[in-house]
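Report on one structure; see the data block that follows.
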Amino acid sequence: EPKSDYLYIVTKRDPRSRVYRARLLDDPKGLATLEFLFALPMTSVTAGDISPDGSEILIKNYVYTYYWSRSTNESVKDALRKPPTTVQYMPEPQGEAVCWSATADGYYTLSERAYKDFRPEVLYYARGKGGMDASVTTTSDRPPLIVGPSQDTKGIYDVRYTLPKIMSL
């Protein structure tokens, strides 16, 4: 988190992903103690990032990318307690990464696994002219999704969807 010396960690496998924080450089040996803050209203969080100026937060799971705006004196904890907005994201096979661009004019995602004809690529989602709200998607903007337990790995869920030949993100 660029405004402080805290590192935030969000769990993946809990029924509701849990948010922890640790003060960096808290111990001369490099050890840090995690402090539990609260549970988010989502599960299977795979990645998150805070914008370079600290004013915006992205957290994603396999299906959605969530967005929070943060006011100047608001803590990360208080910002994440507000309801998030979902922003543009096309689920990728095992999409495990999200990060802001250096100028926060958009964000990147990346899958860590190839699937049939899909080869992992870094995807970029540009900020809309009106800010993040301009790039909010609704269910109708996305192809139908099927989310279910993996056939191969217990405890893992597959996200399946079919893209039309031409689709604008």
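If you're wondering about the labels, chains in the structure tokens are A, B, ... by order shown, residues count from 1 in each chain, ligands from 1 in order shown.
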Please provide as a PDB file with N, CA and C atoms, in the first residue's frame all residues within 9 Å of Leu7 of chain A, with the sequence filter that same-chain residues fewer than 5 positions apart are discarded (counting only C-alpha atoms).
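Output file around-v4.pdb follows:
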ATOM      1  N   GLU A   1       0.866  -1.171   0.000  1.00  0.00           N
ATOM      2  CA  GLU A   1       0.000   0.000   0.000  1.00  0.00           C
ATOM      3  C   GLU A   1       0.902   1.220   0.000  1.00  0.00           C
ATOM      4  N   TYR A  20      -5.992  -9.635   5.720  1.00  0.00           N
ATOM      5  CA  TYR A  20      -4.994  -9.475   6.777  1.00  0.00           C
ATOM      6  C   TYR A  20      -4.077  -8.326   6.391  1.00  0.00           C
ATOM      7  N   ARG A  21      -3.405  -7.779   7.376  1.00  0.00           N
ATOM      8  CA  ARG A  21      -2.358  -6.809   7.075  1.00  0.00           C
ATOM      9  C   ARG A  21      -1.160  -7.075   7.981  1.00  0.00           C
ATOM     10  N   ALA A  22      -0.012  -6.661   7.484  1.00  0.00           N
ATOM     11  CA  ALA A  22       1.233  -6.784   8.247  1.00  0.00           C
ATOM     12  C   ALA A  22       2.028  -5.518   8.008  1.00  0.00           C
ATOM     13  N   ARG A  23       2.668  -5.047   9.053  1.00  0.00           N
ATOM     14  CA  ARG A  23       3.534  -3.881   8.910  1.00  0.00           C
ATOM     15  C   ARG A  23       4.868  -4.371   8.363  1.00  0.00           C
ATOM     16  N   LEU A  24       5.278  -3.788   7.260  1.00  0.00           N
ATOM     17  CA  LEU A  24       6.557  -4.159   6.663  1.00  0.00           C
ATOM     18  C   LEU A  24       7.691  -3.656   7.540  1.00  0.00           C
TER      19      LEU A  24
END
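The residue set within 10 Å of Tyr107 of chain A, counting only C-alpha atoms and dropping same-chain residues fewer than 4 places from it, reads Asp49, Ser51, Leu58, Gln88, Val98, Cys99, Trp100, Ser101, Ala102, Thr103, Leu123, Tyr124, Tyr125, Ala126 and Arg127 of chain A.
When only C-alpha atoms are used to compute distances to Thr72 of chain A, the closest of the residues A:Lys3, A:Ser111, A:Phe36, A:Gly128 turns out to be A:Lys3.
Near Arg13 of chain A, within 8 Å and counting only C-alpha atoms, sit Thr11, Pro15, Ser17, Thr43, Ser44 and Val45 of chain A; same-chain residues fewer than 2 positions away were not included.
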Go ahead and write the selection's residues with C-alpha atoms as a short mmCIF file (atom, residue, chain, number, x, y, z; two decimals), in the first residue's frame.
data_model
loop_
_atom_site.label_atom_id
_atom_site.label_comp_id
_atom_site.auth_asym_id
_atom_site.auth_seq_id
_atom_site.Cartn_x
_atom_site.Cartn_y
_atom_site.Cartn_z
CA THR A 11 -7.00 -15.39 1.37
CA PRO A 15 -15.76 -19.43 2.20
CA SER A 17 -11.91 -14.36 1.61
CA THR A 43 -14.43 -16.10 -2.19
CA SER A 44 -11.63 -17.49 -4.36
CA VAL A 45 -9.73 -14.21 -4.51
#
Coordinates-based distance that separates atom CA of Val19 of chain A from atom CA of Tyr62 of chain A (Å, one decimal): 17.6 Å
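The nearest approach to Asp14 of chain A among the residues A:Ala79, A:Val122, A:Leu40, A:Ala104, with only C-alpha atoms taken into account, belongs to A:Leu40.
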For Pro84 of chain A: contacts at 6 Å, only C-alpha atoms, fewer than 5 positions along chain excluded, given as a ChimeraX atom specification: /A:66-68
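Put simply, atom CA of Glu92 of chain A is 7.6 Å away from atom CA of Leu110 of chain A.
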Separation of atom CA of Ser55 of chain A from atom CA of Arg70 of chain A in Å: 4.7 Å
